[in-house]
$ cat structure23.txt   # compact mmCIF, C-alpha atoms
# COMPACT_ATOMS: atom_id res chain seq x y z
CA MET A 1 -67.44 -7.87 -13.20
CA SER A 2 -66.31 -10.57 -15.62
CA VAL A 3 -68.42 -10.87 -18.78
CA GLN A 4 -69.31 -13.89 -20.88
CA TRP A 5 -70.77 -12.75 -24.20
CA GLU A 6 -71.75 -14.93 -27.13
CA GLN A 7 -73.92 -12.83 -29.47
CA GLU A 8 -71.05 -10.96 -31.05
CA THR A 9 -71.39 -8.87 -34.19
CA LYS A 10 -69.30 -10.38 -36.96
CA ILE A 11 -66.86 -8.11 -38.76
CA THR A 12 -67.42 -8.25 -42.52
CA GLU A 13 -64.76 -8.01 -45.21
CA GLU A 14 -66.49 -4.88 -46.49
CA GLU A 15 -66.19 -3.16 -43.11
CA VAL A 16 -62.53 -4.13 -42.78
CA ARG A 17 -61.76 -2.72 -46.23
CA ALA A 18 -63.64 0.51 -45.53
CA ALA A 19 -61.92 0.91 -42.17
CA GLN A 20 -58.53 0.26 -43.78
CA TYR A 21 -59.21 3.00 -46.30
CA PHE A 22 -60.08 5.35 -43.44
CA HIS A 23 -56.99 4.27 -41.50
CA GLY A 24 -54.60 4.46 -44.44
CA HIS A 25 -52.92 1.04 -44.36
CA LYS A 26 -53.34 -2.61 -43.44
CA CYS A 27 -52.25 -3.68 -39.96
CA PRO A 28 -53.62 -5.94 -37.20
CA ALA A 29 -54.15 -3.23 -34.56
CA MET A 30 -56.90 -1.33 -36.35
CA PRO A 31 -59.17 -4.34 -37.04
CA GLN A 32 -58.45 -5.68 -33.55
CA ARG A 33 -60.07 -2.59 -32.07
CA LEU A 34 -62.74 -2.56 -34.75
CA ARG A 35 -63.77 -5.86 -33.25
CA ALA A 36 -63.29 -4.79 -29.63
CA ALA A 37 -65.49 -1.77 -30.26
CA HIS A 38 -68.26 -3.88 -31.78
CA LEU A 39 -68.02 -6.22 -28.80
CA ALA A 40 -68.43 -3.29 -26.42
CA MET A 41 -71.45 -2.02 -28.37
CA ASP A 42 -72.99 -5.50 -28.36
CA ILE A 43 -72.63 -5.82 -24.59
CA LEU A 44 -74.12 -2.37 -24.03
CA GLY A 45 -76.86 -3.02 -26.58
CA VAL A 46 -76.21 0.25 -28.43
CA GLN A 47 -75.90 1.34 -32.04
CA ARG A 48 -73.16 3.35 -33.72
CA ALA A 49 -73.23 6.98 -32.60
CA ARG A 50 -74.66 9.49 -35.06
CA GLY A 51 -74.14 12.55 -32.86
CA GLY A 52 -72.01 13.48 -29.90
CA GLY A 53 -74.47 12.72 -27.10
CA GLU A 54 -75.14 9.00 -27.43
CA LEU A 55 -71.80 7.35 -26.69
CA LYS A 56 -68.40 8.29 -25.37
CA ALA A 57 -65.19 6.34 -25.98
CA ILE A 58 -62.01 6.54 -23.93
CA VAL A 59 -58.86 5.03 -25.44
CA GLU A 60 -55.85 4.57 -23.18
CA ILE A 61 -53.13 4.76 -25.81
CA GLY A 62 -50.27 7.22 -25.65
CA ASP A 63 -48.34 8.64 -28.59
CA HIS A 64 -45.94 6.97 -31.02
CA HIS A 65 -46.10 3.41 -29.74
CA PHE A 66 -47.09 0.13 -31.34
CA SER A 67 -50.77 -0.66 -31.83
CA GLY A 68 -51.83 2.94 -31.34
CA CYS A 69 -53.62 2.41 -34.65
CA PHE A 70 -56.43 0.77 -32.73
CA ALA A 71 -57.94 4.19 -32.00
CA ASP A 72 -59.00 4.43 -35.65
CA GLY A 73 -60.81 1.10 -35.40
CA VAL A 74 -62.68 2.45 -32.39
CA GLN A 75 -63.67 5.63 -34.23
CA PHE A 76 -64.81 3.76 -37.34
CA ALA A 77 -66.89 1.16 -35.47
CA THR A 78 -68.46 3.30 -32.75
CA GLY A 79 -68.93 6.63 -34.49
CA CYS A 80 -67.11 8.24 -31.56
CA THR A 81 -64.79 10.67 -33.31
CA PHE A 82 -62.57 13.57 -32.39
CA GLY A 83 -64.67 15.77 -34.69
CA LYS A 84 -67.83 15.03 -32.71
CA GLY A 85 -65.92 15.33 -29.45
CA ASN A 86 -67.15 12.02 -28.07
CA ILE A 87 -63.81 10.22 -27.96
CA GLU A 88 -61.06 10.99 -25.48
CA LYS A 89 -57.45 9.90 -25.33
CA GLU A 90 -56.22 9.05 -21.86
CA PRO A 91 -52.48 8.55 -22.49
CA LEU A 92 -51.66 5.63 -20.22
CA GLY A 93 -49.72 3.62 -22.81
CA LYS A 94 -52.25 0.79 -22.54
CA PHE A 95 -54.38 -1.08 -25.06
CA ALA A 96 -57.82 -0.52 -23.62
CA LEU A 97 -61.14 0.95 -24.69
CA THR A 98 -63.93 2.11 -22.40
CA LEU A 99 -67.24 2.70 -24.14
CA ILE A 100 -69.95 4.57 -22.24
CA ASP A 101 -73.67 4.76 -22.99
CA LEU A 102 -74.39 8.36 -22.03
CA LYS A 103 -78.13 7.70 -21.73
CA THR A 104 -77.73 5.08 -19.00
CA ASN A 105 -74.14 5.68 -17.79
CA LYS A 106 -73.46 1.97 -18.29
CA ALA A 107 -69.97 1.27 -19.63
CA VAL A 108 -67.78 -1.54 -20.90
CA ARG A 109 -63.97 -1.68 -20.73
CA VAL A 110 -62.26 -3.97 -23.23
CA THR A 111 -58.54 -4.66 -22.87
CA ALA A 112 -56.14 -6.73 -24.94
CA LYS A 113 -54.86 -9.80 -23.09
CA TYR A 114 -51.20 -9.54 -22.14
CA ASP A 115 -50.14 -13.02 -23.29
CA ARG A 116 -51.68 -12.60 -26.72
CA MET A 117 -50.13 -9.17 -27.24
CA LYS A 118 -46.75 -10.51 -26.14
CA THR A 119 -47.00 -13.34 -28.67
CA CYS A 120 -47.92 -10.88 -31.43
CA LEU A 121 -44.82 -8.82 -30.71
CA GLU A 122 -42.67 -11.82 -31.60
CA MET A 123 -44.23 -12.21 -35.06
CA PRO A 124 -42.47 -11.09 -38.30
CA PHE A 125 -44.86 -8.15 -38.69
CA PHE A 126 -43.73 -6.49 -35.47
CA GLU A 127 -40.10 -7.52 -35.89
CA LYS A 128 -40.04 -5.64 -39.20
CA ARG A 129 -41.95 -2.72 -37.75
CA LYS A 130 -39.36 -2.46 -34.94
CA SER A 131 -36.63 -2.29 -37.58
CA GLY A 132 -38.28 0.79 -39.07
CA VAL A 133 -40.26 -0.66 -41.99
CA PRO A 134 -43.53 1.27 -42.50
CA PRO A 135 -46.65 -0.93 -42.30
CA PHE A 136 -47.67 -0.11 -45.87
CA GLU A 137 -44.36 -1.48 -47.19
CA LEU A 138 -44.63 -4.89 -45.53
CA ASP A 139 -45.20 -8.07 -47.49
CA PRO A 140 -48.93 -8.97 -47.44
CA LYS A 141 -48.03 -12.49 -46.28
CA ASP A 142 -46.83 -10.96 -43.01
CA VAL A 143 -49.96 -8.84 -42.59
CA GLU A 144 -53.00 -10.63 -43.99
CA PRO A 145 -52.84 -13.69 -41.67
CA LEU A 146 -52.73 -11.41 -38.62
CA ILE A 147 -55.75 -9.46 -39.83
CA GLU A 148 -57.68 -12.65 -40.53
CA ASP A 149 -56.81 -13.93 -37.07
CA VAL A 150 -57.91 -10.84 -35.14
CA VAL A 151 -61.19 -10.73 -37.07
CA THR A 152 -62.10 -14.40 -36.57
CA HIS A 153 -60.36 -15.60 -33.38
CA ASP A 154 -62.46 -16.36 -30.30
CA TRP A 155 -62.72 -13.06 -28.47
CA HIS A 156 -62.35 -14.75 -25.07
CA ASP A 157 -58.73 -15.48 -26.01
CA MET A 158 -58.14 -11.90 -27.17
CA PHE A 159 -59.84 -9.58 -24.70
CA ASP A 160 -60.63 -9.08 -21.05
CA VAL A 161 -63.98 -7.37 -20.47
CA CYS A 162 -65.53 -5.70 -17.47
CA THR A 163 -68.71 -3.68 -17.09
CA PHE A 164 -69.77 -0.67 -15.04
CA GLU A 165 -73.35 0.13 -14.04
CA ASN A 166 -72.85 3.81 -13.20
CA TYR A 167 -69.80 5.21 -14.94
CA PRO A 168 -69.12 8.88 -14.08
CA ALA A 169 -69.61 10.56 -17.42
CA ALA A 170 -71.69 13.56 -18.46
CA LYS A 171 -72.61 14.86 -21.88
CA ALA A 172 -71.08 18.27 -22.52
CA PRO A 173 -73.47 20.66 -24.25
CA ASP A 174 -72.54 21.95 -27.69
CA SER A 175 -71.69 25.63 -27.96
CA PHE A 176 -72.95 27.75 -30.84
CA ASN A 177 -71.53 31.01 -29.50
CA ALA A 178 -68.61 32.71 -31.22
CA VAL A 179 -66.87 36.07 -31.29
CA GLN A 180 -64.25 37.75 -33.45
CA CYS A 181 -60.77 38.06 -32.04
CA ALA A 182 -60.00 41.77 -31.81
CA ASN A 183 -56.42 41.15 -32.93
CA CYS A 184 -56.25 38.45 -35.62
CA LYS A 185 -59.91 38.95 -36.65
CA GLU A 186 -60.53 35.21 -36.74
CA MET A 187 -63.66 33.57 -35.33
CA VAL A 188 -63.22 31.87 -31.96
CA VAL A 189 -65.78 29.96 -29.89
CA THR A 190 -66.75 32.24 -27.02
CA GLU A 191 -65.84 29.74 -24.31
CA TYR A 192 -62.25 29.69 -25.65
CA ALA A 193 -61.88 33.45 -25.95
CA LYS A 194 -60.35 35.65 -23.26
CA GLU A 195 -61.46 39.18 -22.44
CA LEU A 196 -58.87 41.91 -22.01
CA ASN A 197 -59.68 45.61 -21.61
CA GLY A 198 -63.16 45.08 -23.00
CA GLU A 199 -61.99 43.12 -26.06
CA PHE A 200 -62.26 39.44 -26.87
CA LEU A 201 -59.03 37.75 -27.88
CA CYS A 202 -58.22 34.21 -28.94
CA ARG A 203 -55.79 32.47 -26.60
CA THR A 204 -52.87 32.94 -28.98
CA CYS A 205 -53.39 36.67 -29.31
CA PHE A 206 -54.15 37.03 -25.62
CA SER A 207 -50.84 35.37 -24.71
CA ALA A 208 -48.92 37.48 -27.22
CA ARG A 209 -50.44 40.73 -25.94
CA VAL A 210 -49.91 39.87 -22.26
CA HIS A 211 -46.31 38.73 -22.68
CA ARG A 212 -45.05 41.17 -25.28

$ encode --input "structure23.txt" --output "structure tokens"
Amino acid sequence: MSVQWEQETKITEEEVRAAQYFHGHKCPAMPQRLRAAHLAMDILGVQRARGGGELKAIVEIGDHHFSGCFADGVQFATGCTFGKGNIEKEPLGKFALTLIDLKTNKAVRVTAKYDRMKTCLEMPFFEKRKSGVPPFELDPKDVEPLIEDVVTHDWHDMFDVCTFENYPAAKAPDSFNAVQCANCKEMVVTEYAKELNGEFLCRTCFSARVHR
């Protein structure tokens, strides 16, 4: 279903700076998804996650390609983090976020518009990135205007949005069970341990013992 949304949370300079510190450098991809994530939360009517059972984010990026930085904007805005286990990478090489309200199973998918992304790739920032220049070594005049644009531009020109009323997602319960690996003596969560001849082994030690 197509969505028209007007009551969008505005991204403040303070949030952008804090998110840039978390991310490690200035670039347009991170604040782009900072904004997309806020838009998704606004449409769902939810607040930033404090634990692992309120929201779940799915990012469709792969590895080592341009604009993968947007995953950090998603984590910072939504509170869905790899540490809390409520963000998942589905490596499709796309620039999309699905945010799920685990209490209602309603979800929003926000994707970057093709034409806008194509135009961005022709800008000096990406031309220099393609030549191997790290983002933190680029001239601010090539970076700051892009950041300002993604933070302030009309979202209808930037994103496509669709909603889901019953997205198939379930909250996984947290485990507080752990055992000691009989071989390396390190603690391992019980669900990840393997039993062999009456002993619990971590997967590494289990594999080494079975294949030695």

$ closest_residue --input "structure23.txt" --among "A:Cys202, A:Leu55, A:Ala71, A:Val210" --to "Arg33 of chain A" --atoms "all atoms listed in the file"
A:Ala71

$ residues_around --input "structure23.txt" --residues "segment 7-14 of chain A" --least-positions-apart "4" --cutoff "7 Å" --atoms "only C-alpha atoms" --output "short mmCIF file (atom, residue, chain, number, x, y, z; two decimals) with C-alpha atoms, in the coordinates of the input"
data_model
loop_
_atom_site.label_atom_id
_atom_site.label_comp_id
_atom_site.auth_asym_id
_atom_site.auth_seq_id
_atom_site.Cartn_x
_atom_site.Cartn_y
_atom_site.Cartn_z
CA ALA A 18 -63.64 0.51 -45.53
CA ARG A 35 -63.77 -5.86 -33.25
CA HIS A 38 -68.26 -3.88 -31.78
CA LEU A 39 -68.02 -6.22 -28.80
CA ASP A 42 -72.99 -5.50 -28.36
CA VAL A 151 -61.19 -10.73 -37.07
#

$ atom_distance --input "structure23.txt" --atom1 "atom CA of Ile58 of chain A" --atom2 "atom CA of Val16 of chain A"
21.7 Å

$ closest_atom_pairs --input "structure23.txt" --of "segment 54-90 of chain A" --to "segment 108-115 of chain A" --cutoff "10 Å" --atoms "all atoms listed in the file" --output "JSON lines"
{"residue": "A:Ala57", "atom": "CA", "partner": "A:Arg109", "partner_atom": "CA", "distance": 9.7}
{"residue": "A:Ile58", "atom": "CA", "partner": "A:Arg109", "partner_atom": "CA", "distance": 9.0}
{"residue": "A:Val59", "atom": "CA", "partner": "A:Arg109", "partner_atom": "CA", "distance": 9.7}
{"residue": "A:Glu60", "atom": "CA", "partner": "A:Thr111", "partner_atom": "CA", "distance": 9.6}

$ residues_near_point --input "structure23.txt" --point "(-52.9, 45.5, -21.1)" --cutoff "10 Å" --atoms "all atoms listed in the file" --output "list of chain:residue names"
A:Leu196, A:Asn197, A:Phe206, A:Arg209, A:Val210, A:His211, A:Arg212

$ closest_residue --input "structure23.txt" --among "A:Asp160, A:Asp142, A:Glu137, A:Glu191" --to "Pro124 of chain A" --atoms "only C-alpha atoms"
A:Asp142

$ atom_distance --input "structure23.txt" --atom1 "atom CA of Thr78 of chain A" --atom2 "atom CA of Ala49 of chain A"
6.0 Å

$ closest_residue --input "structure23.txt" --among "A:Ala40, A:Cys184, A:Ala193, A:Ala19" --to "Ala96 of chain A" --atoms "only C-alpha atoms"
A:Ala40

$ closest_residue --input "structure23.txt" --among "A:Met187, A:Leu99, A:Ile43, A:Met158" --to "Gly79 of chain A" --atoms "all atoms listed in the file"
A:Leu99

$ closest_atom_pairs --input "structure23.txt" --of "segment 44-69 of chain A" --to "segment 174-178 of chain A" --cutoff "12 Å" --atoms "all atoms listed in the file" --output "tab-separated table"
residue	atom	partner	partner_atom	distance
A:Gly51	CA	A:Asp174	CA	10.8
A:Gly52	CA	A:Asp174	CA	8.8
A:Gly53	CA	A:Asp174	CA	9.4

$ atom_distance --input "structure23.txt" --atom1 "atom CA of Leu102 of chain A" --atom2 "atom CA of Gly85 of chain A"
13.2 Å

$ closest_residue --input "structure23.txt" --among "A:Ile61, A:Ala107, A:Pro91, A:Gly68" --to "Phe164 of chain A" --atoms "only C-alpha atoms"
A:Ala107

$ residues_around --input "structure23.txt" --residues "segment 126-134 of chain A" --least-positions-apart "4" --cutoff "10 Å" --atoms "all atoms listed in the file" --output "list in words"
His25, Phe66, Ser67, Cys120, Leu121, Glu122, Leu138, Asp142 and Val143 of chain A

$ write_last_selection --input "structure23.txt" --atoms "C-alpha atoms" --output "short mmCIF file (atom, residue, chain, number, x, y, z; two decimals), in the coordinates of the input"
data_model
loop_
_atom_site.label_atom_id
_atom_site.label_comp_id
_atom_site.auth_asym_id
_atom_site.auth_seq_id
_atom_site.Cartn_x
_atom_site.Cartn_y
_atom_site.Cartn_z
CA HIS A 25 -52.92 1.04 -44.36
CA PHE A 66 -47.09 0.13 -31.34
CA SER A 67 -50.77 -0.66 -31.83
CA CYS A 120 -47.92 -10.88 -31.43
CA LEU A 121 -44.82 -8.82 -30.71
CA GLU A 122 -42.67 -11.82 -31.60
CA LEU A 138 -44.63 -4.89 -45.53
CA ASP A 142 -46.83 -10.96 -43.01
CA VAL A 143 -49.96 -8.84 -42.59
#

$ closest_residue --input "structure23.txt" --among "A:Asn105, A:Gln75, A:Thr152, A:Thr190" --to "Arg48 of chain A" --atoms "all atoms listed in the file"
A:Gln75

$ residues_around --input "structure23.txt" --residues "Asp101 of chain A" --least-positions-apart "5" --cutoff "8 Å" --atoms "only C-alpha atoms" --output "PDB file with C-alpha atoms, in the frame of the given file"
ATOM      1  CA  LEU A  44     -74.120  -2.370 -24.030  1.00  0.00           C
ATOM      2  CA  VAL A  46     -76.210   0.250 -28.430  1.00  0.00           C
ATOM      3  CA  GLU A  54     -75.140   9.000 -27.430  1.00  0.00           C
ATOM      4  CA  LEU A  55     -71.800   7.350 -26.690  1.00  0.00           C
ATOM      5  CA  LYS A  56     -68.400   8.290 -25.370  1.00  0.00           C
ATOM      6  CA  LYS A 106     -73.460   1.970 -18.290  1.00  0.00           C
ATOM      7  CA  ALA A 107     -69.970   1.270 -19.630  1.00  0.00           C
TER       8      ALA A 107
END

$ build_atoms --input "structure23.txt" --residues "segment 109-122 of chain A" --atoms "N, CA and C atoms" --output "PDB file, in the coordinates of the input"
ATOM      1  N   ARG A 109     -65.409  -1.847 -20.482  1.00  0.00           N
ATOM      2  CA  ARG A 109     -63.970  -1.680 -20.730  1.00  0.00           C
ATOM      3  C   ARG A 109     -63.439  -2.964 -21.328  1.00  0.00           C
ATOM      4  N   VAL A 110     -62.823  -2.830 -22.512  1.00  0.00           N
ATOM      5  CA  VAL A 110     -62.260  -3.970 -23.230  1.00  0.00           C
ATOM      6  C   VAL A 110     -60.753  -3.778 -23.323  1.00  0.00           C
ATOM      7  N   THR A 111     -59.997  -4.749 -22.842  1.00  0.00           N
ATOM      8  CA  THR A 111     -58.540  -4.660 -22.870  1.00  0.00           C
ATOM      9  C   THR A 111     -57.958  -5.860 -23.597  1.00  0.00           C
ATOM     10  N   ALA A 112     -56.827  -5.640 -24.256  1.00  0.00           N
ATOM     11  CA  ALA A 112     -56.140  -6.730 -24.940  1.00  0.00           C
ATOM     12  C   ALA A 112     -55.404  -7.582 -23.901  1.00  0.00           C
ATOM     13  N   LYS A 113     -55.537  -8.898 -24.023  1.00  0.00           N
ATOM     14  CA  LYS A 113     -54.860  -9.800 -23.090  1.00  0.00           C
ATOM     15  C   LYS A 113     -53.349  -9.708 -23.250  1.00  0.00           C
ATOM     16  N   TYR A 114     -52.651  -9.698 -22.136  1.00  0.00           N
ATOM     17  CA  TYR A 114     -51.200  -9.540 -22.140  1.00  0.00           C
ATOM     18  C   TYR A 114     -50.503 -10.651 -22.926  1.00  0.00           C
ATOM     19  N   ASP A 115     -50.848 -11.902 -22.654  1.00  0.00           N
ATOM     20  CA  ASP A 115     -50.140 -13.020 -23.290  1.00  0.00           C
ATOM     21  C   ASP A 115     -50.286 -12.993 -24.803  1.00  0.00           C
ATOM     22  N   ARG A 116     -51.473 -12.646 -25.271  1.00  0.00           N
ATOM     23  CA  ARG A 116     -51.680 -12.600 -26.720  1.00  0.00           C
ATOM     24  C   ARG A 116     -50.877 -11.463 -27.345  1.00  0.00           C
ATOM     25  N   MET A 117     -50.896 -10.301 -26.713  1.00  0.00           N
ATOM     26  CA  MET A 117     -50.130  -9.170 -27.240  1.00  0.00           C
ATOM     27  C   MET A 117     -48.642  -9.490 -27.246  1.00  0.00           C
ATOM     28  N   LYS A 118     -48.159 -10.151 -26.216  1.00  0.00           N
ATOM     29  CA  LYS A 118     -46.750 -10.510 -26.140  1.00  0.00           C
ATOM     30  C   LYS A 118     -46.369 -11.452 -27.275  1.00  0.00           C
ATOM     31  N   THR A 119     -47.248 -12.416 -27.566  1.00  0.00           N
ATOM     32  CA  THR A 119     -47.000 -13.340 -28.670  1.00  0.00           C
ATOM     33  C   THR A 119     -46.969 -12.597 -30.003  1.00  0.00           C
ATOM     34  N   CYS A 120     -47.878 -11.657 -30.179  1.00  0.00           N
ATOM     35  CA  CYS A 120     -47.920 -10.880 -31.430  1.00  0.00           C
ATOM     36  C   CYS A 120     -46.623 -10.110 -31.647  1.00  0.00           C
ATOM     37  N   LEU A 121     -46.044  -9.607 -30.578  1.00  0.00           N
ATOM     38  CA  LEU A 121     -44.820  -8.820 -30.710  1.00  0.00           C
ATOM     39  C   LEU A 121     -43.637  -9.640 -31.220  1.00  0.00           C
ATOM     40  N   GLU A 122     -43.749 -10.944 -31.127  1.00  0.00           N
ATOM     41  CA  GLU A 122     -42.670 -11.820 -31.600  1.00  0.00           C
ATOM     42  C   GLU A 122     -42.866 -12.257 -33.035  1.00  0.00           C
TER      43      GLU A 122
END
